[in-house]
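These notes are about the structure you will find just below.
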Amino acid sequence: MKKMLMGNEAMALGALRAGVRVAAGYPGTPSTEVLETIAKEKSRGNTDAYVEWSVNEKSALEVAAGASYAGARTLVTMKQVGLNVASDPLMSLAYVGVKGGMVVLVADDPGPISSQTEQDTRTFAAFSKLPVFDPASPEEAYLMMADAYELSEKYQTPVLFRPTTRICHATASIELLAPLPVKEPEGFVKDSRWVIFPKLSYQSHLKIEERNRNLRAELSGYRFNTQSGSGQKGIAVSGVSGQYIREALQILDVKQEYKLLNVATPHPFPEQTALAFLAGLDEVLVYEELDPVIEQELQRLCGVHRLPVEILGKGRGFTPAAGENSTENALAVLRRFFDLPADEAKTPDAPPLPVRPPTLCAGCPHRASFYAVKRAMKGRKAVFAGDIGCYTLGNAMPLDMTDTCLCMGAGITVAQGIKRVEPDTVCFSFTGDSTFFHTGLAGIANAVYNGAKIVSVILDNSTTAMTGQQPNPSTGFAATGEPAAKISIERVVEALGVPHIAVVDPFDSEAAELAVKEAADCDGVSCIIFRAPCIAVSRPKPRVRVNADKCTGCKRCVREIGCPAIIKGENGKVAIDASLCYGCGLCLNLCRFDALEGGEI
Amino acid sequence: MFNILLCGVGGQGTVLASKMLANCAVNRGETAHTAETIGMAQRGGSVVSHVRIGSDAFSPLIPKGCADTVIAFEPAECVRVLPYLKNGGRILVNTLPVKPTTDTLAKTSYDAQQMLAFLKEQGVDYRPVDGAAIIRALGGAKSLNVALLGAASAMGMVPCSLDEMETVIRTAMKPQFCEQNLKALRLGAALIAE
């Protein structure tokens with residue numbers, strides 16, 4: 001019986017099928033559901049595997065490394081920018097190696113749809129000299145997971161596994177297979193190989209280069225590295241881009257001959273498969289997302305083997321340099337490649353469509369926090385350094401409270417840098433509870449140690465909200481939902497030496513505004529912890545109503561906070577969308593005519 | 001191959017609806033694929049779910065001009081995805097608009113009637129459904145998604161019968177949500193019969 005599985009679920013079940021004992025990760029779109037699936041399977045009693053949300057990707061990778069040293073099969077999950085955080089242990093682990101099979105699943109996000117960068121983990125694989133698997137569909141990803149563990153154990157090396165958003169969040173009907181036989185972990189055996197030293201690194205480097213040379217041949221026989229067809233034209237694809245090409249070829253019903261190369265292990269590159277593909281070709285279209293990885297490997301092979309093949313891809317501007325590929329784009333590219341007439345179909349001119357930028361939810365405590373800071377700083381020179389999470393949406397009008405956003409944890413330190421150049425500006429940072437534990441702690445220590453005068457605002461909504469409400473160290477729950485140690489943010493910042501700490505409910509407007517004013521005038525680091533739960537983990541309160549007799553239609557409530565539950569009503573007045581209002585009451589004090597009634601306050 | 005595109009605004013439940021359609025197909029032994037909008041765009045943004053039934057679909061996303069049916073949870077979102085509809089494709093659209101937050105601040109207003117008029121002008125097989133009436137009858141917007149599926153099924157717009165959908169609801173949903181959703185399914189179907 002087949003089961004509908006999201007790509008991320010399929011990869012998790014594929015890893016469990018391969019006998020994973022320890023799984024660790026940090027949430028990040030589009031990777032989050034992989035670890036969530038393992039946690040769910042654990043709660044249901046379907047696996048004995050240990051699973052944790054680590055505080056960040058570096059910690060996750062190191063936990064898994066230790067478990068792999070002890071002989072257990074391990075899985076680490078993260079999104080592509082998470083690999084930047086985990087790159088320190090990964091680069092060294094590539095030299096040290098592992099004993100139990102280790103798969104580092106890194107989800108790339110072409111587009112990007114929910115990310116800061118369009119970096120390519122296939123390029124990271126070449127940089128770290130590690131093998132990487134690149135599945136083209138959820139079905140393939142499920143099967144490939146077992147191959148990744150086998151390769152990892154055979155060569156005692158961590159292996160990267162790189163799905164993209166359209167694999168992670170696509171769902172397919174998949175036949176689940178029986179678990180594979182896996183040997184019991186041997187336990188940690190003391191050995192000098194686990195201690196990285198310059199001499200060891202040199203020797204490892206030699207071995208890695210030799211291994212990768214051999215893998216170029218070995219992976220040429222891998223079942224998902226394929227080449228087929230005949231003729232003088234070739235198409236080379238990787239990942240989901242291959243599916244777009246196959247769909248487009250089917251739609252175009254191309255009659256000309258062509259060869260097709262699918263690369264499932266972009267590094268080490270399946271050299272013999274690629275050479276067999278290149279033989280007799282005049283030109284090759286390379287269709288891939290993000291970096292021109294396949295393209296440059298083919299160019300290199302053509303150079304080394306003096307093959308007169310023209311390579312058409314990103315370098316020549318034949319395919320898009322950035323963003324996601326699609327069947328529509330593949331159709332256009334294939335029409336050019338095969339000299340087919342362009343599509344003349346025109347779409348009718350639609351009326352202007354409403355823009356729907358993502359916004360903070362109605363009832364979101366971040367809105368109250370931002371609004372308190374905005375009011376308190378009215379008329380003063382202030383900069384607001386934001387961070388990664390739902391609260392990045394504080395940048396939207398009318399709040400307009402995010403001036404910078406760089407990467408996880410950067411708000412606290414960026415604020416310090418701005419303050420060094422602009423001493424007369426009040427410099428704020430906004431950090432969520434999960435981000436605080438991820439990479440915010442070091443920024444606070446840096447501020448205290450170096451005497452930076454900033455206001456660090458910590459938005460504690462008791463969950464990792466943007467990625468779908470995962471627990472973190474401030475929540476008191478583990479990945480499986482079981483109780484865990486709860487770390488007090490105020491006690492942590494106190495221990496780090498922050499002299500001024502205030503814990504405030506952001507919906508208590510007066511107290512919140514006062515706390516911000518006090519913090520702004522403090523000497524040294526001050527910290528405000530705005531504590532109120534995310535609406536996804538709390539219950540709604542009585543809804544707000546609009547008293548139409550009192551509402552003058554001035555729209556002050558809308559202009560001040562931009563709550564999606566306050567909508568246009570009849571006769572120019574405002575109305576409340578009852579399906580959205582959470583009864584937070586933030587709007588109640590805004591109306592000068594007392595037209596907003598009910599709610600919490 | 002049968003392609004169904006569901007579109008709406010984050011929070012309207014397109015993801016659950018697409019799962020139900022795919023499960024109907026899988027339960028009778030067919031191949032199905034879906035693809036969803038997940039992440040930042042879910043917060044009040046435009047969302048689409050692609051459902052592809054049949055073993056000859058490669059891309060997880062329906063290519064433009066290839067959707068057999070569009071089930072629109074919102075009028076403007078229907079217009080937005082119109083390029084996906086194939087020649088001779090069919091549309092089911094909830095007439096109740098979801099106004100964006102920006103609309104309340106904007107000088108010009110988004111007019112759902114203008115969207116519906118545009119859809120009508122296109123000369124496609126187009127069936128409006130009174131979402132406001134569904135919400136009134138169900139006492140809330142939570143099961144609007146299932147009601148729209150009921151309507152689409154009763155119209156023969158999706159290769160999933162009401163019985164198949166009922167089975168999916170009974171097997172995949174928690175008992176406390178079953179009755180409400182079955183009620184919504186039947187209500188949607190009844191709207192079409194009227």
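Within each chain, counting starts at residue 1; across the structure tokens, chains are named A, B, ... in the order shown, with ligands numbered 1 upward in that order.
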
Closest atom pairs, chain B residues within 9 Å of chain A, only C-alpha atoms, as a Markdown table:
| residue | atom | partner | partner_atom | distance |
| --- | --- | --- | --- | --- |
| B:Val9 | CA | A:Arg356 | CA | 8.5 |
| B:Gly10 | CA | A:Pro358 | CA | 9.0 |
| B:Lys19 | CA | A:Met4 | CA | 8.1 |
| B:Ala22 | CA | A:Met4 | CA | 7.6 |
| B:Asn23 | CA | A:Met4 | CA | 6.8 |
| B:Val26 | CA | A:Ser173 | CA | 6.8 |
| B:Asn27 | CA | A:Lys2 | CA | 8.4 |
| B:Gly29 | CA | A:Lys2 | CA | 8.0 |
| B:Glu30 | CA | A:Ser173 | CA | 8.6 |
| B:Thr31 | CA | A:Ser173 | CA | 6.1 |
| B:Ala32 | CA | A:Ser173 | CA | 5.8 |
| B:His33 | CA | A:Ala172 | CA | 4.5 |
| B:Thr34 | CA | A:Thr171 | CA | 4.8 |
| B:Ala35 | CA | A:Ala170 | CA | 4.2 |
| B:Glu36 | CA | A:His169 | CA | 6.2 |
| B:Thr37 | CA | A:His169 | CA | 7.8 |
| B:Ile38 | CA | A:His169 | CA | 7.4 |
| B:Gly39 | CA | A:Thr29 | CA | 6.2 |
| B:Met40 | CA | A:Ser114 | CA | 6.0 |
| B:Ala41 | CA | A:Pro358 | CA | 5.5 |
| B:Gln42 | CA | A:Pro358 | CA | 7.2 |
| B:Arg43 | CA | A:Pro358 | CA | 5.0 |
| B:Gly44 | CA | A:Pro358 | CA | 5.3 |
| B:Gly45 | CA | A:Arg356 | CA | 4.9 |
| B:Ser46 | CA | A:Arg356 | CA | 6.3 |
| B:Asp56 | CA | A:Glu247 | CA | 8.6 |
| B:Ala57 | CA | A:Glu247 | CA | 7.0 |
| B:Phe58 | CA | A:Gln243 | CA | 5.1 |
| B:Ser59 | CA | A:Gln243 | CA | 4.9 |
| B:Pro60 | CA | A:Ala170 | CA | 6.1 |
| B:Leu61 | CA | A:Thr327 | CA | 8.1 |
| B:Ile62 | CA | A:Thr327 | CA | 8.3 |
| B:Pro63 | CA | A:Thr327 | CA | 5.8 |
| B:Lys64 | CA | A:Glu328 | CA | 6.8 |
| B:Ala76 | CA | A:Leu353 | CA | 6.3 |
| B:Glu77 | CA | A:Leu353 | CA | 8.2 |
| B:Val79 | CA | A:Ala350 | CA | 7.0 |
| B:Arg80 | CA | A:Leu353 | CA | 7.2 |
| B:Leu82 | CA | A:Thr347 | CA | 8.6 |
| B:Pro83 | CA | A:Thr347 | CA | 6.5 |
| B:Lys99 | CA | A:Ile567 | CA | 7.4 |
| B:Pro100 | CA | A:Arg356 | CA | 5.8 |
| B:Thr101 | CA | A:Pro564 | CA | 4.9 |
| B:Thr102 | CA | A:Val355 | CA | 7.3 |
| B:Asp103 | CA | A:Pro354 | CA | 7.4 |
| B:Thr104 | CA | A:Lys568 | CA | 5.7 |
| B:Leu105 | CA | A:Arg559 | CA | 6.9 |
| B:Ser109 | CA | A:Pro354 | CA | 8.7 |
| B:Tyr110 | CA | A:Pro354 | CA | 6.2 |
| B:Gln114 | CA | A:Pro351 | CA | 7.6 |
| B:Met115 | CA | A:Pro351 | CA | 7.1 |
| B:Phe118 | CA | A:Ala350 | CA | 7.3 |
| B:Gln122 | CA | A:Pro348 | CA | 8.3 |
| B:Gly140 | CA | A:Ser579 | CA | 7.4 |
| B:Ala141 | CA | A:Ser579 | CA | 7.0 |
| B:Lys142 | CA | A:Ser579 | CA | 8.8 |

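What separates atom CA of B:Thr69 from atom CA of B:Leu85 is a distance of 6.9 Å.
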
Quiz item: Interatomic distance between atom CA of A:Val304 and atom CA of A:Pro135?
Solution: 27.9 Å

Self-check item: Expected answer as a VMD selection string: helix (DSSP H, G or I) residues in stretch 363-464 of chain A
Solution: chain A and resid 365 to 376 390 to 395 410 to 421 433 to 449

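Straight-line separation from atom CA of B:Met173 to atom CA of B:Ser143: 12.4 Å.
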
Quiz prompt | 10 Å contact set for B:Val93, only C-alpha atoms, chain neighbours under 4 positions out, as a list in words | solution = Leu6, Cys7, Gly8, Val70, Ile71, Ala72, Phe73, Glu74, Pro75, Ala76, Glu77, Cys78, Val79, Leu116, Leu119, Tyr126, Arg127, Pro128, Val129, Asp130, Gly131, Leu148 and Ala152 of chain B

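For B:Met1, the residues within 9 Å (counting only C-alpha atoms, excluding itself and residues fewer than 2 positions away along the chain) are Asn3, Arg52, Ile53, Gly54, Ser55, Asp56 and Ala57 of chain B.
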
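Nearest to A:Asn446 of all the residues A:Thr121, A:Gln469, A:Thr413, A:Thr425 is A:Thr413, based on only C-alpha atoms.
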
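Among B:Glu166, B:Ala154, B:Ser161, B:Val48, the residue with the shortest atom-to-atom distance to B:Gly13, counting only C-alpha atoms, is B:Val48.
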
Quiz prompt | Close residues, stretch 16-23 of chain A itself excluded, 7 Å, only C-alpha atoms, min 4 positions apart in chain, as a list in words | solution = Ala12, Ala49, Tyr50, Val51, Glu52, Ala64, Ala67, Ala72, Arg73, Thr74, Leu75, Val76, Ala146, Pro179, Leu180 and Val182 of chain A

Could those residues be written to a file, using N, CA, C and O atoms, as a tab-separated table (two decimals), in the first residue's frame?
chain	number	residue	atom	x	y	z
A	12	ALA	N	12.89	11.41	6.14
A	12	ALA	CA	12.98	10.97	7.55
A	12	ALA	C	12.74	9.48	7.65
A	12	ALA	O	13.49	8.76	8.32
A	49	ALA	N	15.06	5.61	18.09
A	49	ALA	CA	16.10	6.60	17.81
A	49	ALA	C	16.00	7.77	18.78
A	49	ALA	O	14.92	8.15	19.23
A	50	TYR	N	17.17	8.35	19.10
A	50	TYR	CA	17.19	9.57	19.91
A	50	TYR	C	17.03	10.74	18.94
A	50	TYR	O	17.66	10.78	17.88
A	51	VAL	N	16.17	11.71	19.30
A	51	VAL	CA	15.97	12.86	18.42
A	51	VAL	C	15.97	14.14	19.25
A	51	VAL	O	15.38	14.18	20.33
A	52	GLU	N	16.65	15.17	18.76
A	52	GLU	CA	16.64	16.45	19.48
A	52	GLU	C	16.62	17.63	18.51
A	52	GLU	O	17.18	17.57	17.42
A	64	ALA	N	25.82	14.77	16.58
A	64	ALA	CA	25.78	13.63	15.66
A	64	ALA	C	27.17	13.07	15.42
A	64	ALA	O	27.35	11.85	15.31
A	67	ALA	N	28.08	10.77	18.21
A	67	ALA	CA	27.33	9.51	18.12
A	67	ALA	C	27.89	8.64	16.99
A	67	ALA	O	27.95	7.41	17.13
A	72	ALA	N	27.15	4.77	15.81
A	72	ALA	CA	25.72	4.83	15.49
A	72	ALA	C	25.50	5.55	14.17
A	72	ALA	O	26.25	6.46	13.81
A	73	ARG	N	24.45	5.16	13.45
A	73	ARG	CA	24.06	5.92	12.26
A	73	ARG	C	23.34	7.18	12.71
A	73	ARG	O	22.49	7.13	13.61
A	74	THR	N	23.69	8.30	12.11
A	74	THR	CA	23.14	9.59	12.57
A	74	THR	C	22.61	10.42	11.40
A	74	THR	O	23.03	10.23	10.25
A	75	LEU	N	21.70	11.32	11.74
A	75	LEU	CA	21.14	12.25	10.76
A	75	LEU	C	21.19	13.66	11.36
A	75	LEU	O	20.84	13.86	12.52
A	76	VAL	N	21.64	14.61	10.55
A	76	VAL	CA	21.63	16.02	10.96
A	76	VAL	C	20.80	16.77	9.94
A	76	VAL	O	20.94	16.53	8.74
A	146	ALA	N	19.09	5.45	1.91
A	146	ALA	CA	19.81	4.22	2.28
A	146	ALA	C	21.17	4.17	1.57
A	146	ALA	O	22.17	3.76	2.18
A	179	PRO	N	12.59	-2.33	6.87
A	179	PRO	CA	13.83	-1.77	7.42
A	179	PRO	C	15.04	-2.58	6.96
A	179	PRO	O	14.94	-3.79	6.74
A	180	LEU	N	16.17	-1.89	6.81
A	180	LEU	CA	17.39	-2.56	6.38
A	180	LEU	C	18.13	-3.13	7.59
A	180	LEU	O	18.04	-2.57	8.68
A	182	VAL	N	20.88	-3.41	10.10
A	182	VAL	CA	21.96	-2.50	10.50
A	182	VAL	C	22.62	-3.09	11.73
A	182	VAL	O	21.94	-3.58	12.64

Practice problem: Could you pull out the residues in stretch 239-336 of chain A that DSSP calls strand (DSSP E or B) from the backbone, as number ranges by chain? | Solution: A: 259-262, 267, 283-287, 310-312

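When only C-alpha atoms are used to compute distances to A:Val98, the closest of the residues A:Lys58, A:Arg211, A:Arg193, A:Arg592 turns out to be A:Arg193.
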
Quiz item: What's the 6 Å shell around A:Thr404, counting only C-alpha atoms, without same-chain residues fewer than 2 positions away, as a VMD selection string?
Solution: chain A and resid 385 to 386 402

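Closest approach to B:Arg90 from the set B:Val124, B:Gly139, B:Ala190, B:Phe2 is made by B:Val124, with distances taken over only C-alpha atoms.
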